[in-house]
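Working notes for the structure below.
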Amino acid sequence: MSRLHPLQSSLLPPHAGGGRLRVATYNIHKGVRGVGPGKRLEIHNLVPAIESFDADLVFLQEVRLYHTREARRFQRTSFGWPVEGQADFLAPQGFEAAYRTNAVTRHGEHGNALLSRWPIGDVLHHDVSDHRFEQRGLLHVPVRWQGLPVHAIVVHFGLVHASRVRQVQRLADFIAREVPRGERLVVAGDFNDWNEKLDEPMAELGLVRAADPATARSRSATFPSIAPVFALDRFYLRGLACQTTMVPRGTTWARMSDHLPLVAELVAA
């Protein structure tokens, strides 16, 4: 397997720095694509992909700590299964990684992660599973950004709309309990909101969906990666405003996961 170069497919502008907080959300599909004999390991290509975001915070879904069957399958490839968990493996140099398991399966598990350029505080995980067939959770990571507290919550909601509505309510209860009023908050991840019905209930929590002010559009399609139609991956904000949104595109990105990443630059509101 040869390494791919995401920057050749889609060049993101340099991080402006200063008072801007660059964030990215990405469902990495457990670092593997394909089925059967054609299954391939993409976790090594995701390393330069995530570095190319030049983000302060990277919200990741479908991340593995371990999977015994996949580790055996790919141990003899030229770039084998990483020894460490995928969150630590993907973290750019100097970043901290926070990870918690959502789902336990026969051969392993997977969950949500946050990679942070800035110091992080105590990490919390909250189970928001709606039924036994889908194990879902929230990952809460407080971050100290330029001396200011920012709360990052990574989510991966259910496949059924009724489940997602109940998960929004559990998110509301968690925020009321764990996130101090008035402190900045970013809720990001794969919302699986195919029908675009979650903006209103999220707004009732005081969370506004990130939109590019140049286009006044919040709907940035990220799924499926080969020909994106659905805006499943999002940021919802409190105390922050969106300046730009970007969706890297190209054959390299389509290869690495079934989702495309979403990148945004935020400023204090």
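Naming works like this for the structure tokens: A, B, ... for the chains as they're shown, residue 1 at the start of each chain, ligands 1 onward in shown order.
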(Q) Could you pull out the helix (DSSP H, G or I) residues of segment 21-261 of chain A, going by DSSP on the backbone, and write them as a ChimeraX atom specification? (A) /A:29-31,36-38,43-53,68-73,86-90,161-178,199-203,251-256
**Q.** Residue neighbourhood Gly121 of chain A, 7 Å, only C-alpha atoms, exclusion window fewer than 2 positions, as a VMD selection string
**A.** chain A and resid 119 123 141 to 143
Using only C-alpha atoms, I'd like a table of the residues in segment 80-142 of chain A that come within 8 Å of segment 56-62 of chain A; for each, show the closest atom pair and its distance in Å rounded to one decimal, ordered by chain and ascending number, as JSON lines.
{"residue": "A:His110", "atom": "CA", "partner": "A:Glu62", "partner_atom": "CA", "distance": 5.6}
{"residue": "A:Gly111", "atom": "CA", "partner": "A:Glu62", "partner_atom": "CA", "distance": 5.4}
{"residue": "A:Asn112", "atom": "CA", "partner": "A:Gln61", "partner_atom": "CA", "distance": 4.6}
{"residue": "A:Ala113", "atom": "CA", "partner": "A:Leu60", "partner_atom": "CA", "distance": 5.0}
{"residue": "A:Leu114", "atom": "CA", "partner": "A:Phe59", "partner_atom": "CA", "distance": 4.8}
{"residue": "A:Leu115", "atom": "CA", "partner": "A:Val58", "partner_atom": "CA", "distance": 5.0}
{"residue": "A:Ser116", "atom": "CA", "partner": "A:Leu57", "partner_atom": "CA", "distance": 4.7}
{"residue": "A:Arg117", "atom": "CA", "partner": "A:Asp56", "partner_atom": "CA", "distance": 5.0}
{"residue": "A:Trp118", "atom": "CA", "partner": "A:Asp56", "partner_atom": "CA", "distance": 7.0}
Write the residues of the selection above to a file with all heavy atoms, as a short mmCIF file (atom, residue, chain, number, x, y, z; two decimals), in the first residue's frame.
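Full text of out_19.cif as output:
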data_model
loop_
_atom_site.label_atom_id
_atom_site.label_comp_id
_atom_site.auth_asym_id
_atom_site.auth_seq_id
_atom_site.Cartn_x
_atom_site.Cartn_y
_atom_site.Cartn_z
N HIS A 110 -15.26 0.61 19.16
CA HIS A 110 -15.00 1.89 18.51
C HIS A 110 -15.71 3.00 19.27
O HIS A 110 -16.63 2.73 20.06
CB HIS A 110 -15.41 1.87 17.03
CG HIS A 110 -16.86 1.59 16.79
ND1 HIS A 110 -17.82 2.57 16.79
CD2 HIS A 110 -17.51 0.45 16.53
CE1 HIS A 110 -19.00 2.05 16.53
NE2 HIS A 110 -18.84 0.75 16.37
N GLY A 111 -15.29 4.23 19.03
CA GLY A 111 -15.88 5.35 19.76
C GLY A 111 -15.51 6.68 19.14
O GLY A 111 -15.18 6.77 17.96
N ASN A 112 -15.57 7.73 19.98
CA ASN A 112 -15.28 9.10 19.56
C ASN A 112 -13.94 9.56 20.13
O ASN A 112 -13.51 9.09 21.18
CB ASN A 112 -16.36 10.06 20.07
CG ASN A 112 -17.73 9.78 19.48
OD1 ASN A 112 -17.85 9.24 18.38
ND2 ASN A 112 -18.78 10.15 20.21
N ALA A 113 -13.32 10.50 19.42
CA ALA A 113 -12.05 11.05 19.88
C ALA A 113 -12.00 12.55 19.62
O ALA A 113 -12.69 13.06 18.72
CB ALA A 113 -10.88 10.36 19.18
N LEU A 114 -11.19 13.23 20.39
CA LEU A 114 -10.86 14.62 20.13
C LEU A 114 -9.35 14.76 20.13
O LEU A 114 -8.68 14.29 21.07
CB LEU A 114 -11.46 15.56 21.20
CG LEU A 114 -11.19 17.03 20.88
CD1 LEU A 114 -12.26 17.59 19.94
CD2 LEU A 114 -11.10 17.89 22.14
N LEU A 115 -8.81 15.39 19.10
CA LEU A 115 -7.39 15.74 19.03
C LEU A 115 -7.29 17.24 19.22
O LEU A 115 -7.97 18.01 18.53
CB LEU A 115 -6.81 15.34 17.67
CG LEU A 115 -7.12 13.92 17.18
CD1 LEU A 115 -6.45 13.67 15.83
CD2 LEU A 115 -6.73 12.88 18.20
N SER A 116 -6.45 17.68 20.15
CA SER A 116 -6.41 19.09 20.52
C SER A 116 -4.99 19.65 20.51
O SER A 116 -4.09 19.07 21.12
CB SER A 116 -7.01 19.30 21.91
OG SER A 116 -6.90 20.65 22.32
N ARG A 117 -4.85 20.78 19.84
CA ARG A 117 -3.59 21.52 19.87
C ARG A 117 -3.40 22.22 21.22
O ARG A 117 -2.28 22.57 21.61
CB ARG A 117 -3.60 22.57 18.75
CG ARG A 117 -2.26 23.25 18.49
CD ARG A 117 -2.43 24.49 17.62
NE ARG A 117 -3.04 24.21 16.34
CZ ARG A 117 -2.38 23.91 15.23
NH1 ARG A 117 -1.07 23.78 15.26
NH2 ARG A 117 -3.03 23.70 14.09
N TRP A 118 -4.50 22.42 21.94
CA TRP A 118 -4.52 23.18 23.19
C TRP A 118 -4.69 22.25 24.38
O TRP A 118 -5.19 21.13 24.23
CB TRP A 118 -5.64 24.22 23.14
CG TRP A 118 -5.46 25.20 22.01
CD1 TRP A 118 -5.90 25.07 20.73
CD2 TRP A 118 -4.73 26.42 22.06
NE1 TRP A 118 -5.51 26.14 19.97
CE2 TRP A 118 -4.80 27.00 20.76
CE3 TRP A 118 -4.04 27.11 23.06
CZ2 TRP A 118 -4.19 28.21 20.45
CZ3 TRP A 118 -3.44 28.33 22.75
CH2 TRP A 118 -3.52 28.86 21.46
#
**Q.** Who sits within 12 Å of Arg73 of chain A, only C-alpha atoms, same chain under 6 positions skipped, as number ranges by chain
**A.** A: 32, 36-41, 67, 79-81
If you keep N, CA, C and O atoms, can you produce a file of those selected residues as a PDB file, in the first residue's frame?
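Output below, filename part-v6.pdb:
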ATOM      1  N   VAL A  32     -10.587   1.797   7.877  1.00  0.00           N
ATOM      2  CA  VAL A  32     -10.600   0.687   6.929  1.00  0.00           C
ATOM      3  C   VAL A  32     -11.703   0.930   5.905  1.00  0.00           C
ATOM      4  O   VAL A  32     -12.769   1.437   6.237  1.00  0.00           O
ATOM      5  N   GLY A  36     -14.543  -7.804   2.071  1.00  0.00           N
ATOM      6  CA  GLY A  36     -13.990  -9.040   1.539  1.00  0.00           C
ATOM      7  C   GLY A  36     -12.515  -8.923   1.180  1.00  0.00           C
ATOM      8  O   GLY A  36     -11.754  -8.205   1.835  1.00  0.00           O
ATOM      9  N   PRO A  37     -12.108  -9.579   0.096  1.00  0.00           N
ATOM     10  CA  PRO A  37     -10.695  -9.545  -0.306  1.00  0.00           C
ATOM     11  C   PRO A  37     -10.213  -8.148  -0.673  1.00  0.00           C
ATOM     12  O   PRO A  37      -9.011  -7.877  -0.637  1.00  0.00           O
ATOM     13  N   GLY A  38     -11.150  -7.257  -1.029  1.00  0.00           N
ATOM     14  CA  GLY A  38     -10.768  -5.903  -1.406  1.00  0.00           C
ATOM     15  C   GLY A  38     -10.650  -4.937  -0.243  1.00  0.00           C
ATOM     16  O   GLY A  38     -10.369  -3.756  -0.447  1.00  0.00           O
ATOM     17  N   LYS A  39     -10.839  -5.422   0.974  1.00  0.00           N
ATOM     18  CA  LYS A  39     -10.740  -4.537   2.140  1.00  0.00           C
ATOM     19  C   LYS A  39      -9.317  -4.010   2.260  1.00  0.00           C
ATOM     20  O   LYS A  39      -8.344  -4.743   2.100  1.00  0.00           O
ATOM     21  N   ARG A  40      -9.190  -2.735   2.539  1.00  0.00           N
ATOM     22  CA  ARG A  40      -7.862  -2.120   2.615  1.00  0.00           C
ATOM     23  C   ARG A  40      -7.749  -1.233   3.860  1.00  0.00           C
ATOM     24  O   ARG A  40      -8.731  -0.663   4.335  1.00  0.00           O
ATOM     25  N   LEU A  41      -6.541  -1.078   4.326  1.00  0.00           N
ATOM     26  CA  LEU A  41      -6.242  -0.265   5.496  1.00  0.00           C
ATOM     27  C   LEU A  41      -5.947   1.162   5.062  1.00  0.00           C
ATOM     28  O   LEU A  41      -5.048   1.396   4.258  1.00  0.00           O
ATOM     29  N   HIS A  67      -8.867  -3.781  17.663  1.00  0.00           N
ATOM     30  CA  HIS A  67      -9.737  -4.731  16.984  1.00  0.00           C
ATOM     31  C   HIS A  67      -8.872  -5.926  16.606  1.00  0.00           C
ATOM     32  O   HIS A  67      -8.021  -5.827  15.712  1.00  0.00           O
ATOM     33  N   PHE A  79       2.249  -1.349   5.526  1.00  0.00           N
ATOM     34  CA  PHE A  79       1.961  -0.468   6.651  1.00  0.00           C
ATOM     35  C   PHE A  79       0.921  -1.200   7.492  1.00  0.00           C
ATOM     36  O   PHE A  79      -0.263  -1.199   7.171  1.00  0.00           O
ATOM     37  N   GLY A  80       1.339  -1.826   8.563  1.00  0.00           N
ATOM     38  CA  GLY A  80       0.447  -2.690   9.322  1.00  0.00           C
ATOM     39  C   GLY A  80      -0.484  -1.942  10.256  1.00  0.00           C
ATOM     40  O   GLY A  80      -0.470  -0.714  10.350  1.00  0.00           O
ATOM     41  N   TRP A  81      -1.289  -2.713  10.971  1.00  0.00           N
ATOM     42  CA  TRP A  81      -2.220  -2.168  11.953  1.00  0.00           C
ATOM     43  C   TRP A  81      -1.414  -1.487  13.066  1.00  0.00           C
ATOM     44  O   TRP A  81      -0.479  -2.056  13.600  1.00  0.00           O
TER      45      TRP A  81
END
Q: Name all residues at most 8 Å from His259 of chain A (count only C-alpha atoms; drop same-chain ones fewer than 6 positions away) and give them as a PyMOL selection string.
A: chain A and resi 26-29+222-225
(Q) Need the shell around Pro201 of chain A: protein/DNA/RNA residues with any atom at most 12 Å away, counting only C-alpha atoms. Skip same-chain ones fewer than 6 positions apart. Format as a list of chain:residue names? (A) A:Arg164, A:Val165, A:Arg166, A:Gln167, A:Val168, A:Gln169, A:Arg170, A:Leu171, A:Ala172, A:Leu207, A:Val208, A:Arg209, A:Tyr236
Q: From segment 57-187 of chain A, collect each residue whose DSSP state is strand (DSSP E or B) and return the set as number ranges by chain.
A: A: 57-63, 67, 96-104, 108-116, 120, 124-127, 131, 134, 137-145, 148-156, 184-187
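Put simply, atom CA of Arg184 of chain A is 12.9 Å away from atom CA of Phe235 of chain A.
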Q: Please provide the set of residues having any atom within 12 Å of Arg106 of chain A, restricted to only C-alpha atoms, with same-chain residues fewer than 3 positions apart removed, written as a PyMOL selection string.
A: chain A and resi 66-70+103+109-110
Go ahead and save the picked residues with N, CA, C and O atoms, as a PDB file, in the first residue's frame.
ATOM      1  N   TYR A  66      -8.851  -0.782  19.666  1.00  0.00           N
ATOM      2  CA  TYR A  66      -8.285  -2.058  19.251  1.00  0.00           C
ATOM      3  C   TYR A  66      -9.335  -2.839  18.471  1.00  0.00           C
ATOM      4  O   TYR A  66     -10.539  -2.603  18.578  1.00  0.00           O
ATOM      5  N   HIS A  67      -8.867  -3.781  17.663  1.00  0.00           N
ATOM      6  CA  HIS A  67      -9.737  -4.731  16.984  1.00  0.00           C
ATOM      7  C   HIS A  67      -8.872  -5.926  16.606  1.00  0.00           C
ATOM      8  O   HIS A  67      -8.021  -5.827  15.712  1.00  0.00           O
ATOM      9  N   THR A  68      -9.067  -7.018  17.282  1.00  0.00           N
ATOM     10  CA  THR A  68      -8.140  -8.142  17.135  1.00  0.00           C
ATOM     11  C   THR A  68      -8.174  -8.747  15.731  1.00  0.00           C
ATOM     12  O   THR A  68      -7.127  -9.115  15.182  1.00  0.00           O
ATOM     13  N   ARG A  69      -9.352  -8.858  15.131  1.00  0.00           N
ATOM     14  CA  ARG A  69      -9.433  -9.476  13.807  1.00  0.00           C
ATOM     15  C   ARG A  69      -8.781  -8.612  12.737  1.00  0.00           C
ATOM     16  O   ARG A  69      -8.021  -9.114  11.899  1.00  0.00           O
ATOM     17  N   GLU A  70      -9.039  -7.302  12.766  1.00  0.00           N
ATOM     18  CA  GLU A  70      -8.425  -6.411  11.781  1.00  0.00           C
ATOM     19  C   GLU A  70      -6.915  -6.343  11.983  1.00  0.00           C
ATOM     20  O   GLU A  70      -6.149  -6.263  11.014  1.00  0.00           O
ATOM     21  N   ALA A 103     -19.035   1.719  21.471  1.00  0.00           N
ATOM     22  CA  ALA A 103     -19.612   0.422  21.130  1.00  0.00           C
ATOM     23  C   ALA A 103     -18.582  -0.683  21.288  1.00  0.00           C
ATOM     24  O   ALA A 103     -17.442  -0.546  20.839  1.00  0.00           O
ATOM     25  N   GLU A 109     -13.855  -2.733  19.432  1.00  0.00           N
ATOM     26  CA  GLU A 109     -14.723  -1.639  19.861  1.00  0.00           C
ATOM     27  C   GLU A 109     -14.467  -0.426  18.983  1.00  0.00           C
ATOM     28  O   GLU A 109     -13.564  -0.420  18.149  1.00  0.00           O
ATOM     29  N   HIS A 110     -15.262   0.614  19.163  1.00  0.00           N
ATOM     30  CA  HIS A 110     -14.997   1.889  18.507  1.00  0.00           C
ATOM     31  C   HIS A 110     -15.715   2.997  19.266  1.00  0.00           C
ATOM     32  O   HIS A 110     -16.628   2.734  20.059  1.00  0.00           O
TER      33      HIS A 110
END
Q) Near Ala55 of chain A, within 9 Å and counting only C-alpha atoms, which residues show up once chain neighbours fewer than 4 positions away are dropped, as JSON, numbers by chain? A) {"A": [15, 21, 22, 23, 24, 50, 51, 116, 117, 263, 264, 265]}
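Taking atom CA of Asp233 of chain A as the reference point, atom CA of Leu139 of chain A is found at 15.8 Å.
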Q) Between A:Gly250, A:Cys242, A:Leu260, A:Gly17, which has the minimum distance to Val229 of chain A (counting only C-alpha atoms)? A)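 Smallest separation from Val229 of chain A among the options: A:Leu260.
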